[in-house]
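First comes the structure, then the notes that go with it.
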Amino acid sequence: MLEKMGEFFDSRLEGYEEHQLSCIDSAKEFYPFTASCLPQTSGAHILDLGCGTGLELGYYFKIFPEAIVTGIDLSSRMLDVLRNKYPDKSLTLVAGSYFEVPFGECVFDAAVSVESLHHFSKEEKVPLFKKVRRALKPGGFFILTDYFSLSEEEEQLHRSKFLRLKQEQGISDVELYHYDTPLTVDHEKEALLLAGFDLVTVLKHWGATYTLKAAKLH
Ligand SMILES: C[S@@+](CC[C@H](N)C(=O)[O-])C[C@H]1O[C@@H](n2cnc3c(N)ncnc32)[C@H](O)[C@@H]1O
């Protein structure tokens with residue numbers, strides 16, 4: 001049964017961090033690596049899309065405890081954990097969908113998203129990435145760590161299976177449902193370029209998990 005996205009993560013809170021770090025290949029490397037790609041200055045303004053309980057943020061706070069972070073997540077229970085973990089940090093947490101929450105213009109030095117965007121299509125991502133780009137200051141950048149389909153066939157298989165499940169379960173509303181539909185890295189890069197980012201590069205990868213950097217030069 002497909003579950004609504006927020007409810008899916010709300011109900012899997014117990015053992016969530018341990019699961020992420022022990023069951024996902026190379027997680028103990030890509031979380032600190034992602035944090036190390038964020039601005040290397042104290043007090044940078046960071047936007048985290050799908051921050052969850054803040055695994056990537058924990059590694060960043062270790063390097064830059066003065067970071068000023070806005071985190072957006074559909075799961076209010078994940079956000080409660082994050083808030084309670086870091087009562088002394090500058091954290092603004094918004095419970096809602098990053099497709100709907102306004103980000104502002106030219107306000108962040110960097111944006112980050114880890115293991116969240118593999119639920120969405122290229123068509124859904126382009127307007128979101130445009131919104132992320134607008135929210136970055138000139139010279140800002142977006143660090144995206146996620147897992148990807150290794151071929152177009154694999155990408156299409158995930159998408160068609162998701163659509164079939166929705167049809168079988170009579171789901172026709174516009175709510176977000178949890179199902180993994182990772183794009184290929186090439187399609188993700190295309191979405192970022194279509195959104196207006198000037199330069200998109202692969203910084204590192206571990207099997208199917210990649211860290212991409214999308215830069216807004218001006
Ligand atoms: C696998 S967790 C990753 C959380 C965190 N970034 C990490 O790596 O531990 C995916 C998160 O994305 C959030 N999410 C998925 N779609 C979202 C959306 N449209 N808007 C906001 N959050 C979303 C989920 O609620 C969940 O907390």
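Letters for chains follow the order of the structure tokens (A, B, ...), residue numbers begin at 1 for each chain, and ligand numbers begin at 1 in the order shown.
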
Could I get the residues of chain A with an atom no further than 9 Å from an atom of ligand 1, each paired with its nearest atom pair and that distance in Å to one decimal, using only C-alpha atoms and all ligand atoms, sorted by chain and residue number, as a Markdown table?
| residue | atom | partner | partner_atom_place_in_ligand_line | distance |
| --- | --- | --- | --- | --- |
| A:Met5 | CA | ligand 1 | 25 (O) | 6.1 |
| A:Gly6 | CA | ligand 1 | 25 (O) | 5.0 |
| A:Glu7 | CA | ligand 1 | 25 (O) | 8.1 |
| A:Phe8 | CA | ligand 1 | 25 (O) | 7.7 |
| A:Phe9 | CA | ligand 1 | 25 (O) | 5.4 |
| A:Asp10 | CA | ligand 1 | 25 (O) | 7.5 |
| A:Tyr16 | CA | ligand 1 | 9 (O) | 8.1 |
| A:Glu17 | CA | ligand 1 | 9 (O) | 6.7 |
| A:Gln20 | CA | ligand 1 | 9 (O) | 6.7 |
| A:Leu21 | CA | ligand 1 | 9 (O) | 8.6 |
| A:Ala27 | CA | ligand 1 | 8 (O) | 8.9 |
| A:Tyr31 | CA | ligand 1 | 8 (O) | 7.6 |
| A:Asp48 | CA | ligand 1 | 6 (N) | 7.6 |
| A:Leu49 | CA | ligand 1 | 21 (C) | 6.2 |
| A:Gly50 | CA | ligand 1 | 12 (O) | 3.7 |
| A:Cys51 | CA | ligand 1 | 6 (N) | 4.1 |
| A:Gly52 | CA | ligand 1 | 27 (O) | 3.7 |
| A:Thr53 | CA | ligand 1 | 9 (O) | 6.0 |
| A:Gly54 | CA | ligand 1 | 5 (C) | 5.7 |
| A:Leu55 | CA | ligand 1 | 9 (O) | 4.7 |
| A:Glu56 | CA | ligand 1 | 8 (O) | 6.3 |
| A:Leu57 | CA | ligand 1 | 6 (N) | 8.5 |
| A:Gly71 | CA | ligand 1 | 21 (C) | 8.9 |
| A:Ile72 | CA | ligand 1 | 21 (C) | 5.5 |
| A:Asp73 | CA | ligand 1 | 22 (N) | 3.5 |
| A:Leu74 | CA | ligand 1 | 22 (N) | 4.2 |
| A:Ser75 | CA | ligand 1 | 25 (O) | 4.5 |
| A:Ser76 | CA | ligand 1 | 25 (O) | 8.1 |
| A:Arg77 | CA | ligand 1 | 27 (O) | 8.9 |
| A:Met78 | CA | ligand 1 | 27 (O) | 6.2 |
| A:Leu79 | CA | ligand 1 | 27 (O) | 8.1 |
| A:Val94 | CA | ligand 1 | 21 (C) | 8.8 |
| A:Ala95 | CA | ligand 1 | 21 (C) | 7.5 |
| A:Gly96 | CA | ligand 1 | 21 (C) | 5.7 |
| A:Ser97 | CA | ligand 1 | 20 (N) | 3.3 |
| A:Tyr98 | CA | ligand 1 | 20 (N) | 4.1 |
| A:Phe99 | CA | ligand 1 | 19 (N) | 5.7 |
| A:Glu100 | CA | ligand 1 | 20 (N) | 8.0 |
| A:Val101 | CA | ligand 1 | 20 (N) | 8.4 |
| A:Val112 | CA | ligand 1 | 6 (N) | 8.6 |
| A:Ser113 | CA | ligand 1 | 6 (N) | 6.0 |
| A:Val114 | CA | ligand 1 | 6 (N) | 4.3 |
| A:Glu115 | CA | ligand 1 | 3 (C) | 4.8 |
| A:Ser116 | CA | ligand 1 | 10 (C) | 4.1 |
| A:Leu117 | CA | ligand 1 | 16 (N) | 6.8 |
| A:His118 | CA | ligand 1 | 15 (C) | 8.7 |
| A:His119 | CA | ligand 1 | 16 (N) | 6.9 |
| A:Phe120 | CA | ligand 1 | 16 (N) | 8.2 |
| A:Thr145 | CA | ligand 1 | 8 (O) | 8.5 |
| A:Asp146 | CA | ligand 1 | 8 (O) | 8.6 |
| A:Leu176 | CA | ligand 1 | 19 (N) | 7.0 |
| A:Tyr177 | CA | ligand 1 | 16 (N) | 8.6 |
| A:His178 | CA | ligand 1 | 15 (C) | 7.8 |

Could you write those residues out with N, CA and C atoms, as a compact mmCIF listing (two decimals), in the first residue's frame?
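Final output, selection_10.txt:
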# COMPACT_ATOMS: atom_id res chain seq x y z
N MET A 5 3.43 10.72 1.99
CA MET A 5 4.84 10.93 2.29
C MET A 5 5.09 11.30 3.77
N GLY A 6 4.39 12.31 4.27
CA GLY A 6 4.64 12.77 5.64
C GLY A 6 4.32 11.68 6.65
N GLU A 7 3.20 10.97 6.40
CA GLU A 7 2.79 9.90 7.33
C GLU A 7 3.80 8.75 7.30
N PHE A 8 4.34 8.47 6.10
CA PHE A 8 5.34 7.40 5.97
C PHE A 8 6.53 7.70 6.89
N PHE A 9 7.06 8.94 6.81
CA PHE A 9 8.26 9.24 7.61
C PHE A 9 7.92 9.45 9.08
N ASP A 10 6.73 10.01 9.36
CA ASP A 10 6.30 10.14 10.77
C ASP A 10 6.31 8.77 11.45
N TYR A 16 15.21 5.49 12.89
CA TYR A 16 15.44 6.07 11.55
C TYR A 16 16.93 6.35 11.29
N GLU A 17 17.58 7.04 12.24
CA GLU A 17 18.97 7.45 11.98
C GLU A 17 19.89 6.24 11.87
N GLN A 20 19.41 4.71 8.50
CA GLN A 20 20.07 5.47 7.42
C GLN A 20 21.58 5.19 7.41
N LEU A 21 22.17 5.24 8.62
CA LEU A 21 23.63 5.16 8.69
C LEU A 21 24.16 3.73 8.51
N ALA A 27 26.71 5.48 3.65
CA ALA A 27 26.09 6.64 4.31
C ALA A 27 27.07 7.32 5.27
N TYR A 31 27.33 11.40 4.22
CA TYR A 31 26.80 12.49 5.06
C TYR A 31 27.91 13.50 5.41
N ASP A 48 17.84 23.61 3.87
CA ASP A 48 17.88 22.14 3.74
C ASP A 48 16.50 21.64 3.31
N LEU A 49 16.43 21.03 2.13
CA LEU A 49 15.17 20.50 1.60
C LEU A 49 15.01 19.05 2.03
N GLY A 50 14.00 18.77 2.85
CA GLY A 50 13.80 17.41 3.35
C GLY A 50 14.86 17.08 4.39
N CYS A 51 14.99 17.97 5.37
CA CYS A 51 16.08 17.85 6.37
C CYS A 51 15.90 16.67 7.30
N GLY A 52 14.66 16.17 7.45
CA GLY A 52 14.43 15.05 8.37
C GLY A 52 14.92 15.37 9.76
N THR A 53 15.64 14.42 10.37
CA THR A 53 16.16 14.63 11.73
C THR A 53 17.52 15.34 11.70
N GLY A 54 17.96 15.71 10.50
CA GLY A 54 19.16 16.56 10.41
C GLY A 54 20.49 15.83 10.40
N LEU A 55 20.54 14.64 9.79
CA LEU A 55 21.82 13.92 9.78
C LEU A 55 22.94 14.75 9.13
N GLU A 56 22.65 15.29 7.94
CA GLU A 56 23.68 16.08 7.24
C GLU A 56 24.01 17.35 8.04
N LEU A 57 22.98 17.90 8.71
CA LEU A 57 23.20 19.14 9.47
C LEU A 57 24.10 18.88 10.67
N GLY A 71 15.24 24.59 7.68
CA GLY A 71 14.98 23.21 7.25
C GLY A 71 13.50 23.04 6.94
N ILE A 72 13.22 22.36 5.84
CA ILE A 72 11.82 22.13 5.47
C ILE A 72 11.58 20.63 5.39
N ASP A 73 10.52 20.17 6.00
CA ASP A 73 10.20 18.74 5.91
C ASP A 73 8.70 18.52 6.10
N LEU A 74 8.19 17.52 5.42
CA LEU A 74 6.78 17.17 5.53
C LEU A 74 6.44 16.48 6.84
N SER A 75 7.46 15.87 7.46
CA SER A 75 7.22 15.09 8.68
C SER A 75 7.49 15.96 9.91
N SER A 76 6.42 16.33 10.60
CA SER A 76 6.62 17.19 11.76
C SER A 76 7.31 16.43 12.89
N ARG A 77 7.16 15.10 12.89
CA ARG A 77 7.83 14.31 13.95
C ARG A 77 9.35 14.28 13.73
N MET A 78 9.77 14.20 12.48
CA MET A 78 11.21 14.27 12.20
C MET A 78 11.75 15.64 12.64
N LEU A 79 10.98 16.68 12.36
CA LEU A 79 11.42 18.04 12.74
C LEU A 79 11.50 18.19 14.26
N VAL A 94 10.39 24.40 9.14
CA VAL A 94 9.07 24.60 8.55
C VAL A 94 8.49 23.24 8.19
N ALA A 95 7.33 22.93 8.77
CA ALA A 95 6.66 21.67 8.44
C ALA A 95 5.78 21.92 7.21
N GLY A 96 6.17 21.32 6.10
CA GLY A 96 5.41 21.53 4.86
C GLY A 96 6.18 20.95 3.70
N SER A 97 5.60 21.10 2.52
CA SER A 97 6.25 20.57 1.32
C SER A 97 7.13 21.63 0.69
N TYR A 98 8.35 21.23 0.32
CA TYR A 98 9.23 22.22 -0.33
C TYR A 98 8.70 22.64 -1.69
N PHE A 99 7.71 21.93 -2.21
CA PHE A 99 7.10 22.40 -3.46
C PHE A 99 6.20 23.62 -3.20
N GLU A 100 5.75 23.75 -1.96
CA GLU A 100 4.78 24.81 -1.65
C GLU A 100 5.33 25.94 -0.77
N VAL A 101 6.24 25.60 0.12
CA VAL A 101 6.76 26.61 1.05
C VAL A 101 7.60 27.64 0.27
N VAL A 112 20.91 22.55 0.44
CA VAL A 112 21.35 21.15 0.48
C VAL A 112 20.11 20.26 0.51
N SER A 113 20.25 19.07 -0.06
CA SER A 113 19.18 18.07 0.07
C SER A 113 19.82 16.69 0.02
N VAL A 114 19.48 15.87 1.01
CA VAL A 114 20.07 14.52 1.07
C VAL A 114 18.96 13.48 1.13
N GLU A 115 18.99 12.55 0.21
CA GLU A 115 18.09 11.38 0.22
C GLU A 115 16.61 11.76 0.29
N SER A 116 16.24 12.83 -0.38
CA SER A 116 14.84 13.24 -0.34
C SER A 116 14.22 13.36 -1.73
N LEU A 117 15.02 13.77 -2.71
CA LEU A 117 14.44 14.15 -4.01
C LEU A 117 14.19 12.96 -4.94
N HIS A 118 14.57 11.76 -4.51
CA HIS A 118 14.39 10.60 -5.41
C HIS A 118 12.93 10.15 -5.50
N HIS A 119 12.04 10.92 -4.89
CA HIS A 119 10.62 10.58 -4.98
C HIS A 119 9.91 11.32 -6.11
N PHE A 120 10.63 12.19 -6.83
CA PHE A 120 9.92 13.10 -7.73
C PHE A 120 10.44 13.05 -9.16
N THR A 145 22.70 15.39 -2.57
CA THR A 145 23.19 14.01 -2.44
C THR A 145 21.98 13.09 -2.43
N ASP A 146 21.99 12.13 -3.36
CA ASP A 146 20.83 11.25 -3.46
C ASP A 146 21.23 10.00 -4.24
N LEU A 176 1.28 13.89 -1.97
CA LEU A 176 2.54 13.21 -2.28
C LEU A 176 2.54 11.85 -1.59
N TYR A 177 2.84 10.80 -2.36
CA TYR A 177 2.89 9.44 -1.81
C TYR A 177 4.33 8.95 -1.83
N HIS A 178 4.65 8.11 -0.83
CA HIS A 178 6.02 7.62 -0.74
C HIS A 178 6.26 6.46 -1.69

Got a sec: who's within 10 Å of Cys37 in chain A, counting only C-alpha atoms, leaving out chain neighbours fewer than 2 positions off, as a PyMOL selection string? chain A and resi 32-35+39-40+60+110+112+141-143+203+211-213

Let me make sure I understand: among A:Glu14, A:Leu47, A:Ala111, A:Pro182, which one has the smallest atom-to-atom distance to Glu153 in chain A if we use only C-alpha atoms?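 Answer, going by the shortest atom-to-atom distance: A:Pro182.
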
Based on DSSP run over this structure's backbone, return all residues of range 4-186 of chain A in helix (DSSP H, G or I), as a PyMOL selection string. chain A and resi 5-10+16-23+27-37+55-63+76-85+117-119+122-135+152-168+185-186

Would you please extract all strand (DSSP E or B) residues from range 5-76 of chain A, as assigned by DSSP on the backbone, and give them as an NGL selection string? :A and (45-49 or 68-73)

Prev. selection, N, CA and C atoms, output as an mmCIF file, in the first residue's frame:
data_model
loop_
_atom_site.group_PDB
_atom_site.id
_atom_site.type_symbol
_atom_site.label_atom_id
_atom_site.label_comp_id
_atom_site.auth_asym_id
_atom_site.auth_seq_id
_atom_site.Cartn_x
_atom_site.Cartn_y
_atom_site.Cartn_z
ATOM 1 N N HIS A 45 24.195 31.039 5.728
ATOM 2 C CA HIS A 45 22.747 30.769 5.700
ATOM 3 C C HIS A 45 22.500 29.579 4.778
ATOM 4 N N ILE A 46 21.907 28.523 5.348
ATOM 5 C CA ILE A 46 21.734 27.266 4.615
ATOM 6 C C ILE A 46 20.261 26.881 4.582
ATOM 7 N N LEU A 47 19.807 26.438 3.403
ATOM 8 C CA LEU A 47 18.445 25.905 3.248
ATOM 9 C C LEU A 47 18.554 24.396 3.048
ATOM 10 N N ASP A 48 17.842 23.610 3.872
ATOM 11 C CA ASP A 48 17.883 22.143 3.736
ATOM 12 C C ASP A 48 16.497 21.639 3.310
ATOM 13 N N LEU A 49 16.432 21.030 2.126
ATOM 14 C CA LEU A 49 15.170 20.496 1.600
ATOM 15 C C LEU A 49 15.008 19.047 2.032
ATOM 16 N N ILE A 68 23.423 29.179 10.141
ATOM 17 C CA ILE A 68 22.028 29.641 10.293
ATOM 18 C C ILE A 68 21.191 28.848 9.284
ATOM 19 N N VAL A 69 20.370 27.934 9.814
ATOM 20 C CA VAL A 69 19.743 26.928 8.946
ATOM 21 C C VAL A 69 18.224 27.061 8.905
ATOM 22 N N THR A 70 17.675 26.965 7.686
ATOM 23 C CA THR A 70 16.233 26.793 7.514
ATOM 24 C C THR A 70 16.026 25.385 6.974
ATOM 25 N N GLY A 71 15.239 24.591 7.683
ATOM 26 C CA GLY A 71 14.979 23.211 7.247
ATOM 27 C C GLY A 71 13.504 23.042 6.945
ATOM 28 N N ILE A 72 13.219 22.362 5.841
ATOM 29 C CA ILE A 72 11.815 22.134 5.468
ATOM 30 C C ILE A 72 11.584 20.632 5.386
ATOM 31 N N ASP A 73 10.516 20.166 5.996
ATOM 32 C CA ASP A 73 10.198 18.737 5.911
ATOM 33 C C ASP A 73 8.698 18.519 6.102
#

Atom pair CA of Ser121 in chain A + CA of Arg159 in chain A, distance 8.2 Å

So how far away is CA of Tyr147 in chain A from CA of His205 in chain A, in Å?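 For CA of His205 in chain A relative to CA of Tyr147 in chain A, the distance reads 9.3 Å.
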
Do you know which residues are at most 12 Å from Glu168 in chain A counting only C-alpha atoms, after dropping those on the same chain fewer than 5 positions away, and could you put them as a PDB file with C-alpha atoms, in the first residue's frame?
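Result file around_37.pdb:
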ATOM      1  CA  MET A   1       0.000   0.000   0.000  1.00  0.00           C
ATOM      2  CA  LEU A   2       1.303   3.440  -0.888  1.00  0.00           C
ATOM      3  CA  LYS A 161       5.455   0.809 -11.273  1.00  0.00           C
ATOM      4  CA  PHE A 162       4.550   3.857  -9.160  1.00  0.00           C
ATOM      5  CA  LEU A 163       1.839   4.950 -11.612  1.00  0.00           C
TER       6      LEU A 163
END

10 Å contact set for range 194-198 of chain A, only C-alpha atoms, chain neighbours under 5 positions out, as a list of chain:residue names: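 Using only C-alpha atoms, the neighbours found are A:Lys125, A:Val126, A:Pro127, A:Leu128, A:Phe129, A:Lys130, A:Lys131, A:Val132, A:Arg133, A:Arg134, A:Phe141, A:Phe142, A:Glu188, A:Lys189, A:Lys213, A:Ala214, A:Ala215, A:Lys216, A:Leu217, A:His218.
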
Which value, in Å to one decimal, gives the distance between CA of Thr209 in chain A and CA of Ser42 in chain A?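 So the answer is 28.0 Å.
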
Nearest residue to Thr184 in chain A out of A:Leu150, A:Ser22, A:Leu82, A:Val202, using only C-alpha atoms?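 The closest residue to Thr184 in chain A is A:Leu150.
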
Between A:Glu123, A:Ala191, A:Ala208, A:Pro102, which residue has the minimum interatomic distance to Glu154 in chain A, considering only C-alpha atoms?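 Looking only at the distances to Glu154 in chain A, the closest residue turns out to be A:Ala208.
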
For Ser36 in chain A, which residue out of A:Leu192, A:Ile63, A:Val174, A:Cys106 is the nearest one, using only C-alpha atoms?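 Checking each of A:Leu192, A:Ile63, A:Val174, A:Cys106 against Ser36 in chain A, counting only C-alpha atoms, the winner is A:Ile63.
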
Within 9 Å of Gln156 in chain A, counting only C-alpha atoms, which residues qualify if same-chain residues fewer than 4 places away don't, as a list in words? Ser151, Glu152, Ser160, Lys161, Thr181 and Leu183 of chain A

May I have the selected residues written with C-alpha atoms, as a PDB file, in the first residue's frame?
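For reference, part24.pdb as written:
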ATOM      1  CA  SER A 151      19.886   3.555 -16.643  1.00  0.00           C
ATOM      2  CA  GLU A 152      16.875   5.132 -18.351  1.00  0.00           C
ATOM      3  CA  SER A 160       5.645   3.013 -14.375  1.00  0.00           C
ATOM      4  CA  LYS A 161       5.455   0.809 -11.273  1.00  0.00           C
ATOM      5  CA  THR A 181      11.377   6.965  -8.429  1.00  0.00           C
ATOM      6  CA  LEU A 183      16.017   9.756 -12.062  1.00  0.00           C
TER       7      LEU A 183
END
